[in-house]
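As structure tokens, the structure follows; a few thoughts come after it.
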Amino acid sequence: MRISVLGTGYLGATHAAALASCGHEVLGIDADAARVEQLRLGVAPFHEPRLDELLARGVRSGALCFDTDYGRAARFADVHFLCVGTPQRPGSHAADLSAMWSAVHRLAPLLERGCLVVGKSTVPVGTASQVRDALRDNAPAGRSVELAWNPEFLREGHAVEDSLGPDRLVFGVASDPAYETLCAVYAPILASGVPAVRTDLPTAELAKVSANVMLAARISLVNLLAEVCEVTDADVGDLIEILGYDGRIGNRFLTPGIGFGGGCLPKDTRAFVARAEELGLGDAAAVLREVDVLNMRQRARTVDLAVSLLGGRARDEEVAVLGAAFKAGSDDVRDSPALDVACTLAGRGARVRVYDPKAGGNARRAAPGLTVVDTVEDACRGAALTLVLTDWAEFRSIDPVSLADVVRRPVVLDGRLSLDPDKWRAAGWDFHGLGRRVG
Ligand code: UDX
């Protein structure tokens, strides 16, 4: 099939490469010419395991091309995927749909023949029907342009595996031909046994944000449990092991710490509440406001604990922050709790040095005032306090014995339940972990 992918960020670039690897001819479109140039070389504009390889293979075979020209997309493809970003709107909790509307209004007047437009971006429920009407009103092909919604659930750091082997596919459609087209697009993935749920447009729009608010609530709940553990001398590490054996609860996505961040969970939770308020369901959505409050509280708690471990004052203290990405496996620092804590401590006068295995460059750009260094040792040299704020495997395998010789005071705060308290204490460290028993 001939497919266009509009928007080549984390979602679109991966989706385009995955579709090319499924045997389709794919044209990725982005307004950013520099990004298009990079993608044409088969290089991902961000860190994502296996994506470079998949992009390079697609580009080399000729099945995957990139351009800035919407006209080329309209002429080329019979299926168009909308993959533009829908970030939080500045000064509001609602989603900013301007990139999506811009893509729709650029594409629609160019659609001369019948085609399927497929929304993948995360949007407030009710948006799809407006997109459908805008396409039909503005496309020369009119009602023969159909809209479907097919949300993506990919996690950064696992985007390729999540695209090629998702837990499920969701096809929000209004007709059999639209459903059959989506089945053909995903034929190899369906053949591998991935379940597909056929539903309507609003349910498909809700699917992604619903999964994310469930996940966000789960993390805030486990962080609440961690806080209770701290004041009762219980241990959240043991507690989540116990909870995880309950088949109804399970042990995945149950790690407490400095809270969730990134480009999805925080903004999806807020956008869901904003939409619920518009729908007159503001009271019912109150629980999700608390999920957000609990989440932001983890960052404040981490800063408070760090300051108290520094003796009550951060000013002029040397502090090492290990981790800037919002989670391991990604170089993304959007709404990163780690970077937020580092910036707050620096704002209170601490001399913060940050190290991250992949996100150093993005951290430098996002927080130019911070000192970002290239190794764990450079961050920790002379430090009075070491904070571990992203769950990178590299930090788990640090040798606490040799690191104790690098720092000024061997005091560590584990914000991610990453380190083995016994090992660090045996190496002479004063170990503190959010929700962990004080040794
Ligand atoms: C998320 C969803 O998982 C994905 O399905 C959706 O499509 C996009 O949003 P992503 O943003 O890549 O994916 O990150 P995710 O792995 O969900 O983690 C989100 C945040 O929660 C991170 O900051 C992570 O550190 C935190 N987290 C995750 C925890 O604090 N504890 C956990 O147990 C799991």
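Ordered as shown in the structure tokens, chains take letters A, B, and onward, while each chain numbers its residues from 1 and ligands are numbered from 1 in the order shown.
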Residues within 8 Å of ligand 1, counting only C-alpha atoms and all ligand atoms: report them as a PDB file with N, CA, C and O atoms, in the first residue's frame.
ATOM      1  N   GLU A 152      -1.952   5.038  19.033  1.00  0.00           N
ATOM      2  CA  GLU A 152      -0.672   4.327  19.229  1.00  0.00           C
ATOM      3  C   GLU A 152      -0.376   4.296  20.714  1.00  0.00           C
ATOM      4  O   GLU A 152      -0.622   5.262  21.421  1.00  0.00           O
ATOM      5  N   PHE A 153       0.149   3.189  21.199  1.00  0.00           N
ATOM      6  CA  PHE A 153       0.443   3.077  22.636  1.00  0.00           C
ATOM      7  C   PHE A 153       1.944   2.936  22.885  1.00  0.00           C
ATOM      8  O   PHE A 153       2.344   2.404  23.902  1.00  0.00           O
ATOM      9  N   LEU A 154       2.747   3.369  21.927  1.00  0.00           N
ATOM     10  CA  LEU A 154       4.178   3.049  22.066  1.00  0.00           C
ATOM     11  C   LEU A 154       4.857   3.813  23.200  1.00  0.00           C
ATOM     12  O   LEU A 154       4.566   4.972  23.474  1.00  0.00           O
ATOM     13  N   ARG A 155       5.747   3.095  23.861  1.00  0.00           N
ATOM     14  CA  ARG A 155       6.544   3.684  24.940  1.00  0.00           C
ATOM     15  C   ARG A 155       7.890   4.111  24.374  1.00  0.00           C
ATOM     16  O   ARG A 155       8.484   3.366  23.591  1.00  0.00           O
ATOM     17  N   GLU A 156       8.374   5.275  24.794  1.00  0.00           N
ATOM     18  CA  GLU A 156       9.718   5.658  24.382  1.00  0.00           C
ATOM     19  C   GLU A 156      10.703   4.639  24.935  1.00  0.00           C
ATOM     20  O   GLU A 156      10.518   4.106  26.024  1.00  0.00           O
ATOM     21  N   GLY A 157      11.726   4.370  24.165  1.00  0.00           N
ATOM     22  CA  GLY A 157      12.700   3.353  24.577  1.00  0.00           C
ATOM     23  C   GLY A 157      12.304   1.957  24.117  1.00  0.00           C
ATOM     24  O   GLY A 157      13.129   1.055  24.073  1.00  0.00           O
ATOM     25  N   HIS A 158      11.014   1.774  23.798  1.00  0.00           N
ATOM     26  CA  HIS A 158      10.525   0.477  23.304  1.00  0.00           C
ATOM     27  C   HIS A 158       9.651   0.704  22.066  1.00  0.00           C
ATOM     28  O   HIS A 158       8.812  -0.134  21.743  1.00  0.00           O
ATOM     29  N   ALA A 159       9.844   1.847  21.413  1.00  0.00           N
ATOM     30  CA  ALA A 159       8.907   2.252  20.370  1.00  0.00           C
ATOM     31  C   ALA A 159       8.865   1.262  19.211  1.00  0.00           C
ATOM     32  O   ALA A 159       7.794   0.981  18.667  1.00  0.00           O
ATOM     33  N   LYS A 208      -6.355   5.668  24.146  1.00  0.00           N
ATOM     34  CA  LYS A 208      -4.985   5.990  24.540  1.00  0.00           C
ATOM     35  C   LYS A 208      -4.939   6.773  25.848  1.00  0.00           C
ATOM     36  O   LYS A 208      -4.197   6.446  26.770  1.00  0.00           O
ATOM     37  N   ALA A 211      -5.767   4.584  28.845  1.00  0.00           N
ATOM     38  CA  ALA A 211      -4.641   3.752  29.285  1.00  0.00           C
ATOM     39  C   ALA A 211      -3.667   4.619  30.085  1.00  0.00           C
ATOM     40  O   ALA A 211      -3.179   4.217  31.147  1.00  0.00           O
ATOM     41  N   ASN A 212      -3.416   5.832  29.599  1.00  0.00           N
ATOM     42  CA  ASN A 212      -2.424   6.662  30.283  1.00  0.00           C
ATOM     43  C   ASN A 212      -2.910   7.170  31.636  1.00  0.00           C
ATOM     44  O   ASN A 212      -2.123   7.267  32.571  1.00  0.00           O
ATOM     45  N   LEU A 215      -2.474   4.308  34.051  1.00  0.00           N
ATOM     46  CA  LEU A 215      -1.064   4.131  34.413  1.00  0.00           C
ATOM     47  C   LEU A 215      -0.601   5.242  35.359  1.00  0.00           C
ATOM     48  O   LEU A 215       0.112   4.992  36.339  1.00  0.00           O
ATOM     49  N   ALA A 216      -1.033   6.472  35.061  1.00  0.00           N
ATOM     50  CA  ALA A 216      -0.641   7.611  35.912  1.00  0.00           C
ATOM     51  C   ALA A 216      -1.192   7.415  37.323  1.00  0.00           C
ATOM     52  O   ALA A 216      -0.487   7.626  38.319  1.00  0.00           O
ATOM     53  N   ILE A 219       0.803   4.873  39.313  1.00  0.00           N
ATOM     54  CA  ILE A 219       2.086   5.364  39.848  1.00  0.00           C
ATOM     55  C   ILE A 219       1.853   6.295  41.037  1.00  0.00           C
ATOM     56  O   ILE A 219       2.543   6.212  42.051  1.00  0.00           O
ATOM     57  N   ARG A 252       4.028  -5.078  37.144  1.00  0.00           N
ATOM     58  CA  ARG A 252       4.551  -4.127  36.158  1.00  0.00           C
ATOM     59  C   ARG A 252       4.009  -2.736  36.444  1.00  0.00           C
ATOM     60  O   ARG A 252       2.887  -2.572  36.905  1.00  0.00           O
ATOM     61  N   PHE A 253       4.847  -1.720  36.132  1.00  0.00           N
ATOM     62  CA  PHE A 253       4.425  -0.334  36.313  1.00  0.00           C
ATOM     63  C   PHE A 253       4.044  -0.070  37.767  1.00  0.00           C
ATOM     64  O   PHE A 253       3.006   0.526  38.065  1.00  0.00           O
ATOM     65  N   LEU A 254       4.863  -0.559  38.670  1.00  0.00           N
ATOM     66  CA  LEU A 254       4.546  -0.470  40.092  1.00  0.00           C
ATOM     67  C   LEU A 254       5.756   0.039  40.870  1.00  0.00           C
ATOM     68  O   LEU A 254       5.889  -0.204  42.058  1.00  0.00           O
ATOM     69  N   THR A 255       6.640   0.751  40.169  1.00  0.00           N
ATOM     70  CA  THR A 255       7.849   1.224  40.854  1.00  0.00           C
ATOM     71  C   THR A 255       7.641   2.647  41.349  1.00  0.00           C
ATOM     72  O   THR A 255       7.407   3.556  40.548  1.00  0.00           O
ATOM     73  N   PRO A 256       7.734   2.851  42.673  1.00  0.00           N
ATOM     74  CA  PRO A 256       7.584   4.208  43.201  1.00  0.00           C
ATOM     75  C   PRO A 256       8.840   5.018  42.930  1.00  0.00           C
ATOM     76  O   PRO A 256       9.862   4.477  42.538  1.00  0.00           O
ATOM     77  N   GLY A 257       8.755   6.312  43.163  1.00  0.00           N
ATOM     78  CA  GLY A 257       9.941   7.146  42.955  1.00  0.00           C
ATOM     79  C   GLY A 257       9.567   8.600  42.843  1.00  0.00           C
ATOM     80  O   GLY A 257       8.588   9.049  43.446  1.00  0.00           O
ATOM     81  N   ILE A 258      10.338   9.335  42.026  1.00  0.00           N
ATOM     82  CA  ILE A 258      10.120  10.789  41.962  1.00  0.00           C
ATOM     83  C   ILE A 258       8.961  11.158  41.040  1.00  0.00           C
ATOM     84  O   ILE A 258       8.720  12.321  40.792  1.00  0.00           O
ATOM     85  N   GLY A 259       8.237  10.137  40.554  1.00  0.00           N
ATOM     86  CA  GLY A 259       7.002  10.420  39.826  1.00  0.00           C
ATOM     87  C   GLY A 259       7.149  10.290  38.330  1.00  0.00           C
ATOM     88  O   GLY A 259       8.233  10.129  37.797  1.00  0.00           O
ATOM     89  N   PHE A 260       6.000  10.362  37.667  1.00  0.00           N
ATOM     90  CA  PHE A 260       6.002  10.193  36.212  1.00  0.00           C
ATOM     91  C   PHE A 260       6.230  11.527  35.504  1.00  0.00           C
ATOM     92  O   PHE A 260       5.889  12.585  36.020  1.00  0.00           O
ATOM     93  N   GLY A 261       6.826  11.422  34.325  1.00  0.00           N
ATOM     94  CA  GLY A 261       7.041  12.603  33.502  1.00  0.00           C
ATOM     95  C   GLY A 261       6.955  12.210  32.043  1.00  0.00           C
ATOM     96  O   GLY A 261       6.312  11.222  31.700  1.00  0.00           O
ATOM     97  N   GLY A 262       7.618  12.999  31.184  1.00  0.00           N
ATOM     98  CA  GLY A 262       7.631  12.670  29.767  1.00  0.00           C
ATOM     99  C   GLY A 262       6.569  13.415  28.982  1.00  0.00           C
ATOM    100  O   GLY A 262       5.843  14.248  29.512  1.00  0.00           O
ATOM    101  N   GLY A 263       6.495  13.065  27.707  1.00  0.00           N
ATOM    102  CA  GLY A 263       5.604  13.777  26.794  1.00  0.00           C
ATOM    103  C   GLY A 263       4.179  13.277  26.808  1.00  0.00           C
ATOM    104  O   GLY A 263       3.343  13.804  26.059  1.00  0.00           O
ATOM    105  N   CYS A 264       3.859  12.259  27.616  1.00  0.00           N
ATOM    106  CA  CYS A 264       2.507  11.685  27.534  1.00  0.00           C
ATOM    107  C   CYS A 264       1.726  11.682  28.842  1.00  0.00           C
ATOM    108  O   CYS A 264       0.678  12.316  28.933  1.00  0.00           O
ATOM    109  N   LEU A 265       2.203  10.937  29.855  1.00  0.00           N
ATOM    110  CA  LEU A 265       1.385  10.753  31.057  1.00  0.00           C
ATOM    111  C   LEU A 265       0.945  12.078  31.700  1.00  0.00           C
ATOM    112  O   LEU A 265      -0.242  12.248  31.989  1.00  0.00           O
ATOM    113  N   PHE A 326      13.457  11.537  31.428  1.00  0.00           N
ATOM    114  CA  PHE A 326      12.257  11.288  32.253  1.00  0.00           C
ATOM    115  C   PHE A 326      12.140   9.825  32.647  1.00  0.00           C
ATOM    116  O   PHE A 326      11.408   9.493  33.575  1.00  0.00           O
ATOM    117  N   LYS A 327      12.894   8.967  31.936  1.00  0.00           N
ATOM    118  CA  LYS A 327      12.952   7.552  32.317  1.00  0.00           C
ATOM    119  C   LYS A 327      14.147   6.939  31.589  1.00  0.00           C
ATOM    120  O   LYS A 327      14.677   7.539  30.638  1.00  0.00           O
ATOM    121  N   ALA A 328      14.542   5.745  32.017  1.00  0.00           N
ATOM    122  CA  ALA A 328      15.662   5.073  31.362  1.00  0.00           C
ATOM    123  C   ALA A 328      15.287   4.690  29.934  1.00  0.00           C
ATOM    124  O   ALA A 328      14.103   4.512  29.616  1.00  0.00           O
ATOM    125  N   SER A 336      10.591  16.203  32.611  1.00  0.00           N
ATOM    126  CA  SER A 336      11.364  15.179  33.333  1.00  0.00           C
ATOM    127  C   SER A 336      11.442  15.519  34.819  1.00  0.00           C
ATOM    128  O   SER A 336      11.940  16.592  35.189  1.00  0.00           O
ATOM    129  N   PRO A 337      10.985  14.618  35.683  1.00  0.00           N
ATOM    130  CA  PRO A 337      11.105  14.878  37.123  1.00  0.00           C
ATOM    131  C   PRO A 337      12.565  15.043  37.538  1.00  0.00           C
ATOM    132  O   PRO A 337      12.877  15.864  38.403  1.00  0.00           O
ATOM    133  N   THR A 390      17.072   8.962  37.576  1.00  0.00           N
ATOM    134  CA  THR A 390      16.527   8.242  36.414  1.00  0.00           C
ATOM    135  C   THR A 390      16.959   6.787  36.567  1.00  0.00           C
ATOM    136  O   THR A 390      18.061   6.508  37.045  1.00  0.00           O
ATOM    137  N   ASP A 391      16.087   5.872  36.141  1.00  0.00           N
ATOM    138  CA  ASP A 391      16.290   4.446  36.440  1.00  0.00           C
ATOM    139  C   ASP A 391      17.187   3.730  35.417  1.00  0.00           C
ATOM    140  O   ASP A 391      16.908   2.595  35.031  1.00  0.00           O
ATOM    141  N   ARG A 416      14.576   6.370  42.661  1.00  0.00           N
ATOM    142  CA  ARG A 416      13.959   5.476  41.670  1.00  0.00           C
ATOM    143  C   ARG A 416      13.909   4.021  42.102  1.00  0.00           C
ATOM    144  O   ARG A 416      13.691   3.142  41.267  1.00  0.00           O
TER     145      ARG A 416
END
Neighbour list for Pro202 in chain A as a ChimeraX atom specification, cut-off 8 Å, only C-alpha atoms, skip fewer than 3 positions in-chain: /A:125-126,128,172,205-206
Alpha helix (DSSP H) per DSSP on the backbone: members of range 247-396 of chain A, as a PyMOL selection string: chain A and resi 265-278+286-309+337-347+360-366+376-380+393-396
Nearest to Asp30 in chain A by atom-to-atom distance, counting only C-alpha atoms, from A:Ile3, A:Leu11, A:Asp67, A:Asp283: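 Looking at the shortest contact to Asp30 in chain A, the residue is A:Asp67.
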Contact residues around Ala77 in chain A with only C-alpha atoms at 7 Å, ignoring same-chain residues under 2 positions, as number ranges by chain: A: 2-4, 73-75, 79-80
Output for the residues just chosen: all heavy atoms as an mmCIF file, in the first residue's frame:
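Listed below is the output, again-v7.cif:
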data_model
loop_
_atom_site.group_PDB
_atom_site.id
_atom_site.type_symbol
_atom_site.label_atom_id
_atom_site.label_comp_id
_atom_site.auth_asym_id
_atom_site.auth_seq_id
_atom_site.Cartn_x
_atom_site.Cartn_y
_atom_site.Cartn_z
ATOM 1 N N ARG A 2 0.306 2.353 -0.459
ATOM 2 C CA ARG A 2 1.040 3.622 -0.450
ATOM 3 C C ARG A 2 0.490 4.484 0.687
ATOM 4 O O ARG A 2 -0.693 4.825 0.691
ATOM 5 C CB ARG A 2 0.886 4.318 -1.786
ATOM 6 C CG ARG A 2 1.550 3.529 -2.898
ATOM 7 C CD ARG A 2 1.361 4.232 -4.216
ATOM 8 N NE ARG A 2 2.592 4.233 -4.964
ATOM 9 C CZ ARG A 2 2.915 5.137 -5.880
ATOM 10 N NH1 ARG A 2 2.093 6.115 -6.161
ATOM 11 N NH2 ARG A 2 4.050 5.048 -6.527
ATOM 12 N N ILE A 3 1.368 4.794 1.613
ATOM 13 C CA ILE A 3 0.930 5.410 2.865
ATOM 14 C C ILE A 3 1.750 6.673 3.137
ATOM 15 O O ILE A 3 2.971 6.675 2.950
ATOM 16 C CB ILE A 3 1.132 4.401 4.022
ATOM 17 C CG1 ILE A 3 0.269 3.159 3.788
ATOM 18 C CG2 ILE A 3 0.810 5.033 5.370
ATOM 19 C CD1 ILE A 3 0.508 2.030 4.783
ATOM 20 N N SER A 4 1.075 7.728 3.606
ATOM 21 C CA SER A 4 1.840 8.883 4.099
ATOM 22 C C SER A 4 1.696 8.969 5.616
ATOM 23 O O SER A 4 0.678 8.541 6.174
ATOM 24 C CB SER A 4 1.373 10.191 3.439
ATOM 25 O OG SER A 4 0.299 10.757 4.157
ATOM 26 N N ALA A 73 2.419 14.122 -0.676
ATOM 27 C CA ALA A 73 1.712 13.119 0.140
ATOM 28 C C ALA A 73 0.329 12.853 -0.441
ATOM 29 O O ALA A 73 -0.103 11.697 -0.586
ATOM 30 C CB ALA A 73 1.599 13.598 1.579
ATOM 31 N N ALA A 74 -0.376 13.924 -0.809
ATOM 32 C CA ALA A 74 -1.749 13.767 -1.315
ATOM 33 C C ALA A 74 -1.760 12.997 -2.631
ATOM 34 O O ALA A 74 -2.637 12.161 -2.862
ATOM 35 C CB ALA A 74 -2.386 15.147 -1.498
ATOM 36 N N ARG A 75 -0.767 13.269 -3.481
ATOM 37 C CA ARG A 75 -0.718 12.572 -4.777
ATOM 38 C C ARG A 75 -0.303 11.117 -4.595
ATOM 39 O O ARG A 75 -0.798 10.224 -5.275
ATOM 40 C CB ARG A 75 0.295 13.263 -5.721
ATOM 41 C CG ARG A 75 -0.161 14.611 -6.241
ATOM 42 C CD ARG A 75 0.789 15.150 -7.319
ATOM 43 N NE ARG A 75 2.172 15.315 -6.860
ATOM 44 C CZ ARG A 75 2.611 16.392 -6.199
ATOM 45 N NH1 ARG A 75 1.805 17.386 -5.906
ATOM 46 N NH2 ARG A 75 3.862 16.471 -5.820
ATOM 47 N N VAL A 79 -3.621 6.119 1.988
ATOM 48 C CA VAL A 79 -3.876 6.157 3.432
ATOM 49 C C VAL A 79 -2.929 7.192 4.023
ATOM 50 O O VAL A 79 -1.720 7.177 3.736
ATOM 51 C CB VAL A 79 -3.606 4.779 4.087
ATOM 52 C CG1 VAL A 79 -3.917 4.834 5.581
ATOM 53 C CG2 VAL A 79 -4.417 3.680 3.412
ATOM 54 N N HIS A 80 -3.470 8.109 4.820
ATOM 55 C CA HIS A 80 -2.658 9.167 5.441
ATOM 56 C C HIS A 80 -2.784 9.067 6.953
ATOM 57 O O HIS A 80 -3.894 9.161 7.485
ATOM 58 C CB HIS A 80 -3.159 10.555 5.016
ATOM 59 C CG HIS A 80 -3.193 10.768 3.531
ATOM 60 N ND1 HIS A 80 -2.091 11.153 2.804
ATOM 61 C CD2 HIS A 80 -4.204 10.636 2.636
ATOM 62 C CE1 HIS A 80 -2.426 11.256 1.529
ATOM 63 N NE2 HIS A 80 -3.710 10.939 1.398
#
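Taking only C-alpha atoms into account, Ala393 in chain A lies nearest to A:Leu322 out of the set A:Leu322, A:Leu51, A:Ala94, A:Ile249.
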DSSP-assigned strand (DSSP E) among range 10-94 of chain A, expressed as a VMD selection string: chain A and resid 25 to 29 64 to 67 79 to 82
Just N, CA, C and O atoms for this one: save the residues we selected as a short mmCIF file (atom, residue, chain, number, x, y, z; two decimals), in the first residue's frame.
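Full text of selection_17.cif as output:
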data_model
loop_
_atom_site.label_atom_id
_atom_site.label_comp_id
_atom_site.auth_asym_id
_atom_site.auth_seq_id
_atom_site.Cartn_x
_atom_site.Cartn_y
_atom_site.Cartn_z
N GLU A 25 4.86 1.10 0.88
CA GLU A 25 5.65 2.25 0.43
C GLU A 25 5.21 3.44 1.27
O GLU A 25 4.01 3.78 1.29
N VAL A 26 6.15 4.06 1.96
CA VAL A 26 5.78 5.06 2.96
C VAL A 26 6.49 6.38 2.70
O VAL A 26 7.70 6.41 2.45
N LEU A 27 5.71 7.47 2.80
CA LEU A 27 6.26 8.82 2.67
C LEU A 27 6.00 9.56 3.97
O LEU A 27 4.85 9.79 4.34
N GLY A 28 7.07 9.91 4.68
CA GLY A 28 6.94 10.68 5.92
C GLY A 28 7.03 12.16 5.61
O GLY A 28 7.91 12.59 4.86
N ILE A 29 6.13 12.96 6.19
CA ILE A 29 6.10 14.40 5.92
C ILE A 29 6.31 15.15 7.23
O ILE A 29 5.68 14.85 8.25
N LEU A 64 10.94 3.77 1.93
CA LEU A 64 10.68 4.83 2.92
C LEU A 64 11.33 6.13 2.46
O LEU A 64 12.55 6.18 2.25
N CYS A 65 10.50 7.16 2.26
CA CYS A 65 11.01 8.47 1.83
C CYS A 65 10.50 9.53 2.79
O CYS A 65 9.51 9.32 3.50
N PHE A 66 11.16 10.69 2.77
CA PHE A 66 10.70 11.79 3.62
C PHE A 66 10.67 13.07 2.80
O PHE A 66 11.47 13.25 1.87
N ASP A 67 9.75 13.96 3.14
CA ASP A 67 9.61 15.21 2.39
C ASP A 67 8.92 16.24 3.28
O ASP A 67 8.38 15.88 4.34
N VAL A 79 -3.62 6.12 1.99
CA VAL A 79 -3.88 6.16 3.43
C VAL A 79 -2.93 7.19 4.02
O VAL A 79 -1.72 7.18 3.74
N HIS A 80 -3.47 8.11 4.82
CA HIS A 80 -2.66 9.17 5.44
C HIS A 80 -2.78 9.07 6.95
O HIS A 80 -3.89 9.16 7.49
N PHE A 81 -1.66 8.88 7.64
CA PHE A 81 -1.69 8.82 9.10
C PHE A 81 -1.34 10.19 9.68
O PHE A 81 -0.30 10.77 9.34
N LEU A 82 -2.19 10.69 10.58
CA LEU A 82 -1.91 11.95 11.29
C LEU A 82 -1.12 11.62 12.55
O LEU A 82 -1.67 11.00 13.47
#
Nearby residues (only C-alpha atoms) at most 9 Å from Leu55 in chain A, same-chain spacing under 4 positions excluded, as a list in words: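 The residues that qualify are Ala13, Thr14, Ala16, Ala17, Ala18, Ala20, Ser21, Leu39, Arg40, Leu41, Gly42, Val43, Ala44, Arg50, Leu51, Val59, Arg60 and Leu64 of chain A.
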For the selection just defined, write its residues with N, CA and C atoms to a file, as an mmCIF file, in the first residue's frame.
data_model
loop_
_atom_site.group_PDB
_atom_site.id
_atom_site.type_symbol
_atom_site.label_atom_id
_atom_site.label_comp_id
_atom_site.auth_asym_id
_atom_site.auth_seq_id
_atom_site.Cartn_x
_atom_site.Cartn_y
_atom_site.Cartn_z
ATOM 1 N N ALA A 13 7.918 9.067 13.171
ATOM 2 C CA ALA A 13 9.133 8.490 12.582
ATOM 3 C C ALA A 13 9.139 6.977 12.798
ATOM 4 N N THR A 14 8.749 6.559 13.989
ATOM 5 C CA THR A 14 8.738 5.123 14.276
ATOM 6 C C THR A 14 7.654 4.429 13.472
ATOM 7 N N ALA A 16 6.332 5.347 10.612
ATOM 8 C CA ALA A 16 6.704 5.293 9.194
ATOM 9 C C ALA A 16 7.680 4.143 8.942
ATOM 10 N N ALA A 17 8.697 4.046 9.797
ATOM 11 C CA ALA A 17 9.700 2.987 9.610
ATOM 12 C C ALA A 17 9.069 1.607 9.800
ATOM 13 N N ALA A 18 8.172 1.494 10.766
ATOM 14 C CA ALA A 18 7.526 0.204 11.023
ATOM 15 C C ALA A 18 6.643 -0.204 9.840
ATOM 16 N N ALA A 20 7.026 0.702 6.717
ATOM 17 C CA ALA A 20 7.894 0.314 5.596
ATOM 18 C C ALA A 20 8.384 -1.117 5.802
ATOM 19 N N SER A 21 8.683 -1.454 7.062
ATOM 20 C CA SER A 21 9.178 -2.823 7.313
ATOM 21 C C SER A 21 8.054 -3.854 7.158
ATOM 22 N N LEU A 39 16.304 12.335 8.472
ATOM 23 C CA LEU A 39 15.559 11.079 8.279
ATOM 24 C C LEU A 39 15.883 10.458 6.920
ATOM 25 N N ARG A 40 16.112 11.333 5.928
ATOM 26 C CA ARG A 40 16.466 10.817 4.596
ATOM 27 C C ARG A 40 17.770 10.023 4.623
ATOM 28 N N LEU A 41 18.611 10.357 5.612
ATOM 29 C CA LEU A 41 19.872 9.615 5.762
ATOM 30 C C LEU A 41 19.664 8.351 6.593
ATOM 31 N N GLY A 42 18.426 8.139 7.024
ATOM 32 C CA GLY A 42 18.132 6.948 7.829
ATOM 33 C C GLY A 42 18.594 7.105 9.268
ATOM 34 N N VAL A 43 18.615 8.366 9.737
ATOM 35 C CA VAL A 43 19.069 8.600 11.114
ATOM 36 C C VAL A 43 17.918 9.196 11.923
ATOM 37 N N ALA A 44 17.626 8.580 13.077
ATOM 38 C CA ALA A 44 16.546 9.080 13.927
ATOM 39 C C ALA A 44 16.967 10.384 14.595
ATOM 40 N N ARG A 50 16.994 0.521 18.174
ATOM 41 C CA ARG A 50 16.633 -0.195 16.940
ATOM 42 C C ARG A 50 16.012 0.686 15.849
ATOM 43 N N LEU A 51 15.720 1.958 16.173
ATOM 44 C CA LEU A 51 15.032 2.766 15.160
ATOM 45 C C LEU A 51 15.954 3.147 14.001
ATOM 46 N N VAL A 59 14.942 3.270 4.120
ATOM 47 C CA VAL A 59 15.438 4.276 3.182
ATOM 48 C C VAL A 59 16.264 3.604 2.088
ATOM 49 N N ARG A 60 17.144 2.677 2.507
ATOM 50 C CA ARG A 60 18.011 1.982 1.533
ATOM 51 C C ARG A 60 17.184 1.211 0.505
ATOM 52 N N LEU A 64 10.938 3.766 1.933
ATOM 53 C CA LEU A 64 10.683 4.825 2.919
ATOM 54 C C LEU A 64 11.334 6.128 2.461
#
